[in-house]
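Undergrad: So that we are looking at the same thing, I have put the structure below in structure tokens.
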Amino acid sequence: MDRLALFDVDNTLLDRQAAFEHWAADFLVANHIDPSQYGELSSIDNDGVTPRDVFFTQVKERFGIATSLDQLLDNYHQAYANYYPTPHETIRALRELRTKGWKLGVVTNGPASQLTKLDAAHLTNEFDVICVSEIVGVRKPDVRIFEDAARRCGVALLGWMVGDTPGTDIEGGWRAGLRTIWITRGRTWSETAYRPDALATSVPQAIAIILASSDESPGRTSSKARP
Ligand SMILES: [Mg+2]
């Protein structure tokens with residue numbers, strides 16, 4: 001039986017929060033800004049949701065940085081991927097799943113530079129397909145990005161979606177008919193219209209859940225109707 005496991009990138013496969021903290025610490029030092037201003041930077045970043053041109057426009061204004069916006073963006077894009085260490089435990093777990101016959105895919109919202117991050121962290125070759133929204137042309141939770149992943153893997157859209165953002169990863173996976181695992185990051189689930197099938201604190205833990213349930217039907221078990 002073909003089985004498909006799809007994964008989000010930021011704060012799922014990769015610890016985007018830690019990478020941002022390390023980058024921000026270096027950025028503050030390089031620009032002679034007191035480290036205590038990290039909170040301001042983090043607030044403008046909004047967990048990576050703020051587009052980078054908007055982020056640097058606001059950072060320039062807030063801290064009175066003279067460097068041009070283009071230069072700040074260039075510096076960022078050149079350096080940022082290096083702040084992602086190789087997630088060895090995650091790679092080990094992904095390989096175990098793949099060895100057992102699963103097709104593995106990445107489904108991420110963001111620019112093409114998501115590929116650079118995956119490369120820097122040595123994750124690219126661990127997947128059968130990598131779907132980046134700005135390349136594919138649709139974003140999670142649009143079901144078409146999950147359909148694209150399944151089609152490019154040559155399997156039916158049956159299996160699991162693992163991610164940390166309720167409105168994109170979990171709602172999107174659920175709408176696509178996948179079972180879902182929410183990476184909690186210390187949070188409590190609060191959505192009532194849909195919910196994940198399982199919670200995990202890491203990708204290795206999520207993969208253990210997938211493997212433990214792999215004797216069951218790969219379809220979604222929830223009785224709740226798809227919207
Ligand atoms: Mg994420």
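Here's how to read the names in the structure tokens: chain A, B, ... by the order shown, residue numbers from 1 in each chain, ligand numbers from 1 in the order shown.
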Pull the closest atom pair for each residue of chain A that gets at most 6 Å from ligand 1, along with the distance in Å to one decimal, counting only C-alpha atoms and all ligand atoms, ordering rows by chain and then ascending residue number, as a tab-separated table.
TA:
residue	atom	partner	partner_atom_place_in_ligand_line	distance
A:Asp8	CA	ligand 1	1 (Mg)	5.5
A:Val9	CA	ligand 1	1 (Mg)	5.6
A:Asp10	CA	ligand 1	1 (Mg)	3.9
A:Asn11	CA	ligand 1	1 (Mg)	4.7
A:Thr12	CA	ligand 1	1 (Mg)	5.6
A:Gly163	CA	ligand 1	1 (Mg)	5.8
A:Asp164	CA	ligand 1	1 (Mg)	4.9
A:Thr165	CA	ligand 1	1 (Mg)	5.5
Undergrad: Taking 4 positions as the minimum chain separation for residues in the same chain, which residues sit within 10 Å of Glu171 (chain A) when counting only C-alpha atoms? Answer as a list of chain:residue names.
TA: A:Lys140, A:Pro141, A:Asp142, A:Val143, A:Met161, A:Thr165, A:Pro166, A:Gly167, A:Arg175, A:Ala176, A:Gly177, A:Leu178, A:Thr180, A:Glu191, A:Ala193, A:Tyr194, A:Arg195, A:Pro196
Undergrad: Would you export the selected residues with N, CA, C and O atoms as an mmCIF file, in the first residue's frame, please?
TA:
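So the final result, stored in again05.cif, reads:
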data_model
loop_
_atom_site.group_PDB
_atom_site.id
_atom_site.type_symbol
_atom_site.label_atom_id
_atom_site.label_comp_id
_atom_site.auth_asym_id
_atom_site.auth_seq_id
_atom_site.Cartn_x
_atom_site.Cartn_y
_atom_site.Cartn_z
ATOM 1 N N LYS A 140 -0.840 26.444 1.622
ATOM 2 C CA LYS A 140 -1.653 25.798 2.644
ATOM 3 C C LYS A 140 -2.567 26.873 3.251
ATOM 4 O O LYS A 140 -2.077 27.986 3.456
ATOM 5 N N PRO A 141 -3.822 26.673 3.579
ATOM 6 C CA PRO A 141 -4.474 25.361 3.648
ATOM 7 C C PRO A 141 -5.147 24.913 2.359
ATOM 8 O O PRO A 141 -5.953 23.988 2.397
ATOM 9 N N ASP A 142 -4.844 25.538 1.216
ATOM 10 C CA ASP A 142 -5.450 25.125 -0.052
ATOM 11 C C ASP A 142 -5.118 23.648 -0.320
ATOM 12 O O ASP A 142 -3.942 23.261 -0.330
ATOM 13 N N VAL A 143 -6.150 22.862 -0.518
ATOM 14 C CA VAL A 143 -5.986 21.418 -0.698
ATOM 15 C C VAL A 143 -5.082 21.098 -1.892
ATOM 16 O O VAL A 143 -4.397 20.072 -1.914
ATOM 17 N N MET A 161 -0.317 14.574 7.702
ATOM 18 C CA MET A 161 0.334 15.877 7.607
ATOM 19 C C MET A 161 0.794 16.262 9.009
ATOM 20 O O MET A 161 0.024 16.184 9.963
ATOM 21 N N THR A 165 1.321 24.869 12.621
ATOM 22 C CA THR A 165 0.374 25.981 12.521
ATOM 23 C C THR A 165 -1.047 25.452 12.281
ATOM 24 O O THR A 165 -1.310 24.811 11.255
ATOM 25 N N PRO A 166 -1.965 25.710 13.232
ATOM 26 C CA PRO A 166 -3.314 25.158 13.107
ATOM 27 C C PRO A 166 -3.985 25.511 11.781
ATOM 28 O O PRO A 166 -4.482 24.623 11.069
ATOM 29 N N GLY A 167 -4.003 26.789 11.419
ATOM 30 C CA GLY A 167 -4.788 27.242 10.281
ATOM 31 C C GLY A 167 -4.241 26.843 8.920
ATOM 32 O O GLY A 167 -4.958 26.916 7.918
ATOM 33 N N ARG A 175 -8.645 19.153 5.656
ATOM 34 C CA ARG A 175 -9.464 19.385 4.461
ATOM 35 C C ARG A 175 -9.044 18.454 3.318
ATOM 36 O O ARG A 175 -9.852 18.078 2.484
ATOM 37 N N ALA A 176 -7.751 18.123 3.295
ATOM 38 C CA ALA A 176 -7.233 17.247 2.228
ATOM 39 C C ALA A 176 -7.518 15.775 2.514
ATOM 40 O O ALA A 176 -7.152 14.910 1.717
ATOM 41 N N GLY A 177 -8.131 15.500 3.664
ATOM 42 C CA GLY A 177 -8.473 14.116 3.997
ATOM 43 C C GLY A 177 -7.342 13.348 4.650
ATOM 44 O O GLY A 177 -7.396 12.123 4.762
ATOM 45 N N LEU A 178 -6.297 14.086 5.094
ATOM 46 C CA LEU A 178 -5.165 13.438 5.754
ATOM 47 C C LEU A 178 -5.408 13.388 7.257
ATOM 48 O O LEU A 178 -6.173 14.188 7.796
ATOM 49 N N THR A 180 -3.733 14.189 10.871
ATOM 50 C CA THR A 180 -2.833 15.304 11.176
ATOM 51 C C THR A 180 -2.192 15.154 12.552
ATOM 52 O O THR A 180 -2.811 14.630 13.488
ATOM 53 N N GLU A 191 -8.672 25.486 18.673
ATOM 54 C CA GLU A 191 -9.666 25.530 17.593
ATOM 55 C C GLU A 191 -10.776 24.514 17.875
ATOM 56 O O GLU A 191 -10.498 23.414 18.352
ATOM 57 N N ALA A 193 -13.423 24.062 15.355
ATOM 58 C CA ALA A 193 -14.006 23.611 14.076
ATOM 59 C C ALA A 193 -13.293 22.359 13.542
ATOM 60 O O ALA A 193 -13.869 21.596 12.786
ATOM 61 N N TYR A 194 -12.047 22.188 13.921
ATOM 62 C CA TYR A 194 -11.279 21.014 13.488
ATOM 63 C C TYR A 194 -10.219 20.773 14.545
ATOM 64 O O TYR A 194 -9.915 21.670 15.351
ATOM 65 N N ARG A 195 -9.677 19.572 14.565
ATOM 66 C CA ARG A 195 -8.630 19.279 15.543
ATOM 67 C C ARG A 195 -7.662 18.250 14.984
ATOM 68 O O ARG A 195 -8.044 17.456 14.106
ATOM 69 N N PRO A 196 -6.430 18.235 15.488
ATOM 70 C CA PRO A 196 -5.477 17.233 14.992
ATOM 71 C C PRO A 196 -5.828 15.845 15.518
ATOM 72 O O PRO A 196 -6.485 15.718 16.552
#
Undergrad: Please, which residues of chain A, numbered as in this document, come out alpha helix (DSSP H) from DSSP, as a ChimeraX atom specification?
TA: /A:16-30,38-45,52-63,69-79,88-99,114-120,133-136,143-153,171-175,203-212
Undergrad: What lies within 9 Å of region 209-215 of chain A using only C-alpha atoms, ignoring chain neighbours under 3 positions off, as a JSON list (two decimals) with N, CA, C and O atoms, in the first residue's frame?
TA:
[["chain", "number", "residue", "atom", "x", "y", "z"],
["A", 3, "ARG", "N", 1.86, 4.85, 0.98],
["A", 3, "ARG", "CA", 1.58, 5.67, 2.15],
["A", 3, "ARG", "C", 2.38, 6.96, 2.06],
["A", 3, "ARG", "O", 3.54, 6.96, 1.66],
["A", 5, "ALA", "N", 3.55, 10.67, 3.93],
["A", 5, "ALA", "CA", 3.69, 11.51, 5.14],
["A", 5, "ALA", "C", 4.25, 12.85, 4.71],
["A", 5, "ALA", "O", 5.32, 12.92, 4.08],
["A", 97, "LEU", "N", 11.10, 5.88, 8.53],
["A", 97, "LEU", "CA", 9.78, 5.89, 7.89],
["A", 97, "LEU", "C", 9.91, 5.54, 6.40],
["A", 97, "LEU", "O", 9.14, 4.73, 5.86],
["A", 100, "LYS", "N", 10.48, 1.98, 5.56],
["A", 100, "LYS", "CA", 9.29, 1.13, 5.69],
["A", 100, "LYS", "C", 8.28, 1.37, 4.57],
["A", 100, "LYS", "O", 7.13, 0.97, 4.68],
["A", 159, "GLY", "N", -2.77, 9.56, 4.08],
["A", 159, "GLY", "CA", -1.66, 9.50, 5.00],
["A", 159, "GLY", "C", -1.74, 10.59, 6.04],
["A", 159, "GLY", "O", -2.82, 10.84, 6.60],
["A", 160, "TRP", "N", -0.60, 11.24, 6.28],
["A", 160, "TRP", "CA", -0.50, 12.17, 7.40],
["A", 160, "TRP", "C", 0.10, 13.51, 6.99],
["A", 160, "TRP", "O", 0.94, 13.58, 6.10],
["A", 181, "ILE", "N", -0.95, 15.63, 12.64],
["A", 181, "ILE", "CA", -0.25, 15.70, 13.93],
["A", 181, "ILE", "C", 0.21, 17.13, 14.12],
["A", 181, "ILE", "O", 0.89, 17.71, 13.26],
["A", 198, "ALA", "N", -3.47, 13.79, 16.46],
["A", 198, "ALA", "CA", -2.50, 13.53, 17.53],
["A", 198, "ALA", "C", -1.64, 14.77, 17.77],
["A", 198, "ALA", "O", -1.56, 15.64, 16.90],
["A", 200, "ALA", "N", 2.31, 16.16, 19.11],
["A", 200, "ALA", "CA", 3.69, 15.72, 19.32],
["A", 200, "ALA", "C", 4.54, 16.95, 19.62],
["A", 200, "ALA", "O", 4.17, 18.08, 19.27],
["A", 204, "PRO", "N", 10.51, 13.43, 15.37],
["A", 204, "PRO", "CA", 10.70, 12.01, 15.73],
["A", 204, "PRO", "C", 9.50, 11.43, 16.50],
["A", 204, "PRO", "O", 9.10, 10.29, 16.25],
["A", 205, "GLN", "N", 8.92, 12.23, 17.40],
["A", 205, "GLN", "CA", 7.76, 11.74, 18.14],
["A", 205, "GLN", "C", 6.56, 11.56, 17.20],
["A", 205, "GLN", "O", 5.82, 10.58, 17.31],
["A", 206, "ALA", "N", 6.39, 12.50, 16.27],
["A", 206, "ALA", "CA", 5.30, 12.39, 15.30],
["A", 206, "ALA", "C", 5.47, 11.14, 14.45],
["A", 206, "ALA", "O", 4.50, 10.41, 14.17],
["A", 218, "PRO", "N", -4.97, 4.00, 6.42],
["A", 218, "PRO", "CA", -4.29, 5.30, 6.34],
["A", 218, "PRO", "C", -5.25, 6.48, 6.22],
["A", 218, "PRO", "O", -4.83, 7.61, 6.30]]
Undergrad: With distances taken over only C-alpha atoms, which residue among A:Ala112, A:Asp45, A:Asp169, A:Val107 lies nearest Asp148 (chain A)?
TA: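 Counting only C-alpha atoms, the residue closest to Asp148 (chain A) is A:Val107.
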Undergrad: Could you pull out all residues of region 45-171 of chain A with a DSSP call of strand (DSSP E or B) and give them as a PyMOL selection string?
TA: chain A and resi 102-108+129-132+159-163
Undergrad: Go ahead and write the selection's residues with N, CA and C atoms as a PDB file, in the first residue's frame.
TA:
ATOM      1  N   TRP A 102       7.237   4.351   3.136  1.00  0.00           N
ATOM      2  CA  TRP A 102       6.466   5.591   3.060  1.00  0.00           C
ATOM      3  C   TRP A 102       7.095   6.553   2.055  1.00  0.00           C
ATOM      4  N   LYS A 103       6.222   7.290   1.337  1.00  0.00           N
ATOM      5  CA  LYS A 103       6.679   8.421   0.531  1.00  0.00           C
ATOM      6  C   LYS A 103       6.670   9.643   1.445  1.00  0.00           C
ATOM      7  N   LEU A 104       7.740  10.440   1.376  1.00  0.00           N
ATOM      8  CA  LEU A 104       7.859  11.599   2.269  1.00  0.00           C
ATOM      9  C   LEU A 104       7.853  12.891   1.456  1.00  0.00           C
ATOM     10  N   GLY A 105       7.094  13.869   1.947  1.00  0.00           N
ATOM     11  CA  GLY A 105       7.036  15.149   1.262  1.00  0.00           C
ATOM     12  C   GLY A 105       7.120  16.321   2.212  1.00  0.00           C
ATOM     13  N   VAL A 106       7.619  17.431   1.678  1.00  0.00           N
ATOM     14  CA  VAL A 106       7.605  18.701   2.386  1.00  0.00           C
ATOM     15  C   VAL A 106       6.507  19.554   1.757  1.00  0.00           C
ATOM     16  N   VAL A 107       5.675  20.177   2.594  1.00  0.00           N
ATOM     17  CA  VAL A 107       4.676  21.122   2.103  1.00  0.00           C
ATOM     18  C   VAL A 107       4.832  22.388   2.937  1.00  0.00           C
ATOM     19  N   THR A 108       5.388  23.443   2.324  1.00  0.00           N
ATOM     20  CA  THR A 108       5.708  24.645   3.084  1.00  0.00           C
ATOM     21  C   THR A 108       5.187  25.901   2.389  1.00  0.00           C
ATOM     22  N   VAL A 129       9.430  14.529  -2.430  1.00  0.00           N
ATOM     23  CA  VAL A 129       8.913  15.732  -3.074  1.00  0.00           C
ATOM     24  C   VAL A 129       9.016  16.907  -2.104  1.00  0.00           C
ATOM     25  N   ILE A 130       9.300  18.100  -2.658  1.00  0.00           N
ATOM     26  CA  ILE A 130       9.312  19.313  -1.849  1.00  0.00           C
ATOM     27  C   ILE A 130       8.411  20.334  -2.532  1.00  0.00           C
ATOM     28  N   CYS A 131       7.292  20.679  -1.874  1.00  0.00           N
ATOM     29  CA  CYS A 131       6.324  21.637  -2.428  1.00  0.00           C
ATOM     30  C   CYS A 131       6.447  22.950  -1.671  1.00  0.00           C
ATOM     31  N   VAL A 132       6.905  24.000  -2.360  1.00  0.00           N
ATOM     32  CA  VAL A 132       7.038  25.334  -1.762  1.00  0.00           C
ATOM     33  C   VAL A 132       5.954  26.212  -2.391  1.00  0.00           C
ATOM     34  N   GLY A 159      -2.774   9.562   4.076  1.00  0.00           N
ATOM     35  CA  GLY A 159      -1.658   9.497   5.005  1.00  0.00           C
ATOM     36  C   GLY A 159      -1.743  10.588   6.044  1.00  0.00           C
ATOM     37  N   TRP A 160      -0.603  11.239   6.281  1.00  0.00           N
ATOM     38  CA  TRP A 160      -0.498  12.169   7.401  1.00  0.00           C
ATOM     39  C   TRP A 160       0.100  13.510   6.990  1.00  0.00           C
ATOM     40  N   MET A 161      -0.317  14.574   7.702  1.00  0.00           N
ATOM     41  CA  MET A 161       0.334  15.877   7.607  1.00  0.00           C
ATOM     42  C   MET A 161       0.794  16.262   9.009  1.00  0.00           C
ATOM     43  N   VAL A 162       2.061  16.675   9.117  1.00  0.00           N
ATOM     44  CA  VAL A 162       2.647  17.062  10.407  1.00  0.00           C
ATOM     45  C   VAL A 162       3.051  18.528  10.340  1.00  0.00           C
ATOM     46  N   GLY A 163       2.580  19.344  11.275  1.00  0.00           N
ATOM     47  CA  GLY A 163       2.959  20.756  11.255  1.00  0.00           C
ATOM     48  C   GLY A 163       2.590  21.475  12.529  1.00  0.00           C
TER      49      GLY A 163
END
Undergrad: Between CA of Tyr80 (chain A) and CA of Val203 (chain A), what is the spacing in Å?
TA: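 Interatomic distance here is 22.1 Å.
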Undergrad: Between A:His32, A:Ser43, A:Ala121, A:Glu147, single out the one closest to Ile65 (chain A), counting only C-alpha atoms.
TA: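 When distances to Ile65 (chain A) are compared using only C-alpha atoms, the smallest one comes from A:His32.
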Undergrad: Measuring between only C-alpha atoms, which one of A:Val54, A:Val136, A:Val49, A:Ala19 shows the shortest distance to Asn82 (chain A)?
TA: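 Comparing A:Val54, A:Val136, A:Val49, A:Ala19 against Asn82 (chain A), the winner is A:Ala19.
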Undergrad: With only C-alpha atoms as the atoms that count, which of A:Arg151, A:Arg52, A:His88, A:Arg185 lies nearest to Leu69 (chain A)?
TA: A:Arg52
